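Only one structure is covered here, and it is reproduced in the block below.
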Amino acid sequence: GYKVTPVIDIWFQTESGGALISSLPCLVPPKPESIAKPLPGVDVAIIDSFGNELSNDKTGTIVIKKPHPSFIRNIWND
């Protein structure tokens, strides 16, 4: 697929029910080992170990700022 089929990376968790951050080849030029932007409807941030929000060029923990429709709504046997 060299220069024909884009290879993209995604970020998700089992609990999220699907991909949350991804490179959309039609909107964002693909960059190796980069997940690009949150998908529509997903509000994310990068925080430090004290919970302070960081700018996009810093290293930290990815957090989801508010729920979205595909989140799991309960726990097994609860």
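Letters A, B, ... mark the chains of the structure tokens in the order given; residue numbers begin at 1 per chain; ligand numbers begin at 1, in order shown.
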Show me, as a ChimeraX atom specification, the residues that have an atom within 12 Å of A:Gly51 when counting only C-alpha atoms, minus same-chain residues fewer than 4 positions from it. /A:45-47,60-63,65
Using the selection just defined, write its residues with all heavy atoms as an mmCIF file, in the first residue's frame.
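Final output, selection_20.cif:
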data_model
loop_
_atom_site.group_PDB
_atom_site.id
_atom_site.type_symbol
_atom_site.label_atom_id
_atom_site.label_comp_id
_atom_site.auth_asym_id
_atom_site.auth_seq_id
_atom_site.Cartn_x
_atom_site.Cartn_y
_atom_site.Cartn_z
ATOM 1 N N ALA A 45 -7.832 15.960 26.806
ATOM 2 C CA ALA A 45 -6.788 16.887 27.241
ATOM 3 C C ALA A 45 -5.556 16.078 27.620
ATOM 4 O O ALA A 45 -5.620 14.862 27.787
ATOM 5 C CB ALA A 45 -7.262 17.700 28.445
ATOM 6 N N ILE A 46 -4.439 16.768 27.748
ATOM 7 C CA ILE A 46 -3.209 16.178 28.250
ATOM 8 C C ILE A 46 -2.951 16.844 29.598
ATOM 9 O O ILE A 46 -2.963 18.078 29.694
ATOM 10 C CB ILE A 46 -2.034 16.423 27.292
ATOM 11 C CG1 ILE A 46 -2.336 15.830 25.924
ATOM 12 C CG2 ILE A 46 -0.749 15.826 27.863
ATOM 13 C CD1 ILE A 46 -1.354 16.231 24.847
ATOM 14 N N ILE A 47 -2.740 16.028 30.655
ATOM 15 C CA ILE A 47 -2.514 16.588 31.985
ATOM 16 C C ILE A 47 -1.190 16.094 32.554
ATOM 17 O O ILE A 47 -0.670 15.057 32.146
ATOM 18 C CB ILE A 47 -3.663 16.246 32.953
ATOM 19 C CG1 ILE A 47 -3.796 14.734 33.155
ATOM 20 C CG2 ILE A 47 -4.980 16.842 32.487
ATOM 21 C CD1 ILE A 47 -4.702 14.347 34.305
ATOM 22 N N GLY A 60 2.409 14.068 28.707
ATOM 23 C CA GLY A 60 1.622 13.856 29.915
ATOM 24 C C GLY A 60 0.673 12.686 29.717
ATOM 25 O O GLY A 60 0.910 11.803 28.903
ATOM 26 N N THR A 61 -0.415 12.698 30.456
ATOM 27 C CA THR A 61 -1.424 11.649 30.403
ATOM 28 C C THR A 61 -2.627 12.148 29.612
ATOM 29 O O THR A 61 -3.109 13.255 29.841
ATOM 30 C CB THR A 61 -1.866 11.278 31.840
ATOM 31 O OG1 THR A 61 -0.718 10.854 32.564
ATOM 32 C CG2 THR A 61 -2.894 10.169 31.831
ATOM 33 N N ILE A 62 -3.128 11.308 28.695
ATOM 34 C CA ILE A 62 -4.332 11.654 27.937
ATOM 35 C C ILE A 62 -5.540 11.365 28.810
ATOM 36 O O ILE A 62 -5.661 10.278 29.375
ATOM 37 C CB ILE A 62 -4.429 10.840 26.634
ATOM 38 C CG1 ILE A 62 -3.253 11.143 25.722
ATOM 39 C CG2 ILE A 62 -5.748 11.123 25.924
ATOM 40 C CD1 ILE A 62 -3.195 10.264 24.494
ATOM 41 N N VAL A 63 -6.433 12.336 28.947
ATOM 42 C CA VAL A 63 -7.666 12.142 29.699
ATOM 43 C C VAL A 63 -8.858 12.547 28.835
ATOM 44 O O VAL A 63 -8.739 13.381 27.942
ATOM 45 C CB VAL A 63 -7.685 12.943 31.016
ATOM 46 C CG1 VAL A 63 -6.623 12.459 31.971
ATOM 47 C CG2 VAL A 63 -7.545 14.430 30.768
ATOM 48 N N LYS A 65 -12.261 14.432 28.904
ATOM 49 C CA LYS A 65 -12.800 15.474 29.766
ATOM 50 C C LYS A 65 -14.286 15.316 30.069
ATOM 51 O O LYS A 65 -14.754 15.772 31.103
ATOM 52 C CB LYS A 65 -12.537 16.838 29.144
ATOM 53 C CG LYS A 65 -11.062 17.175 29.104
ATOM 54 C CD LYS A 65 -10.749 18.394 28.303
ATOM 55 C CE LYS A 65 -11.216 19.660 28.939
ATOM 56 N NZ LYS A 65 -10.724 20.859 28.249
#
List as a list in words the protein and nucleic acid residues near A:Ser34, meaning an atom at most 10 Å away when only C-alpha atoms are counted, but skip any in the same chain fewer than 2 places from it. Ile8, Asp9, Ile10, Trp11, Ile21, Ser22, Ser23, Pro30, Lys31, Pro32, Ala36 and Lys37 of chain A
Counting only C-alpha atoms, the residue among A:Leu24, A:Thr14, A:Pro29, A:Asn56 that lies closest to A:Val44 is A:Asn56
One decimal, Å: what's the distance from atom CA of A:Pro38 over to atom CA of A:Leu20, could you say? 5.9 Å
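Across A:Ala19, A:Asp57, A:His68, A:Cys26, the tightest approach to A:Asp43 is made by A:His68 when counting only C-alpha atoms.
The interatomic distance for the pair atom CA of A:Pro25 and atom CA of A:Leu39 works out to 12.4 Å.
Note that atom CA of A:Pro6 and atom CA of A:Val28 are 11.2 Å apart.
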A:Asn52, A:Ile35, A:Thr5, A:Ser16 ranked by distance to A:Lys66, top pick (using only C-alpha atoms): A:Ser16
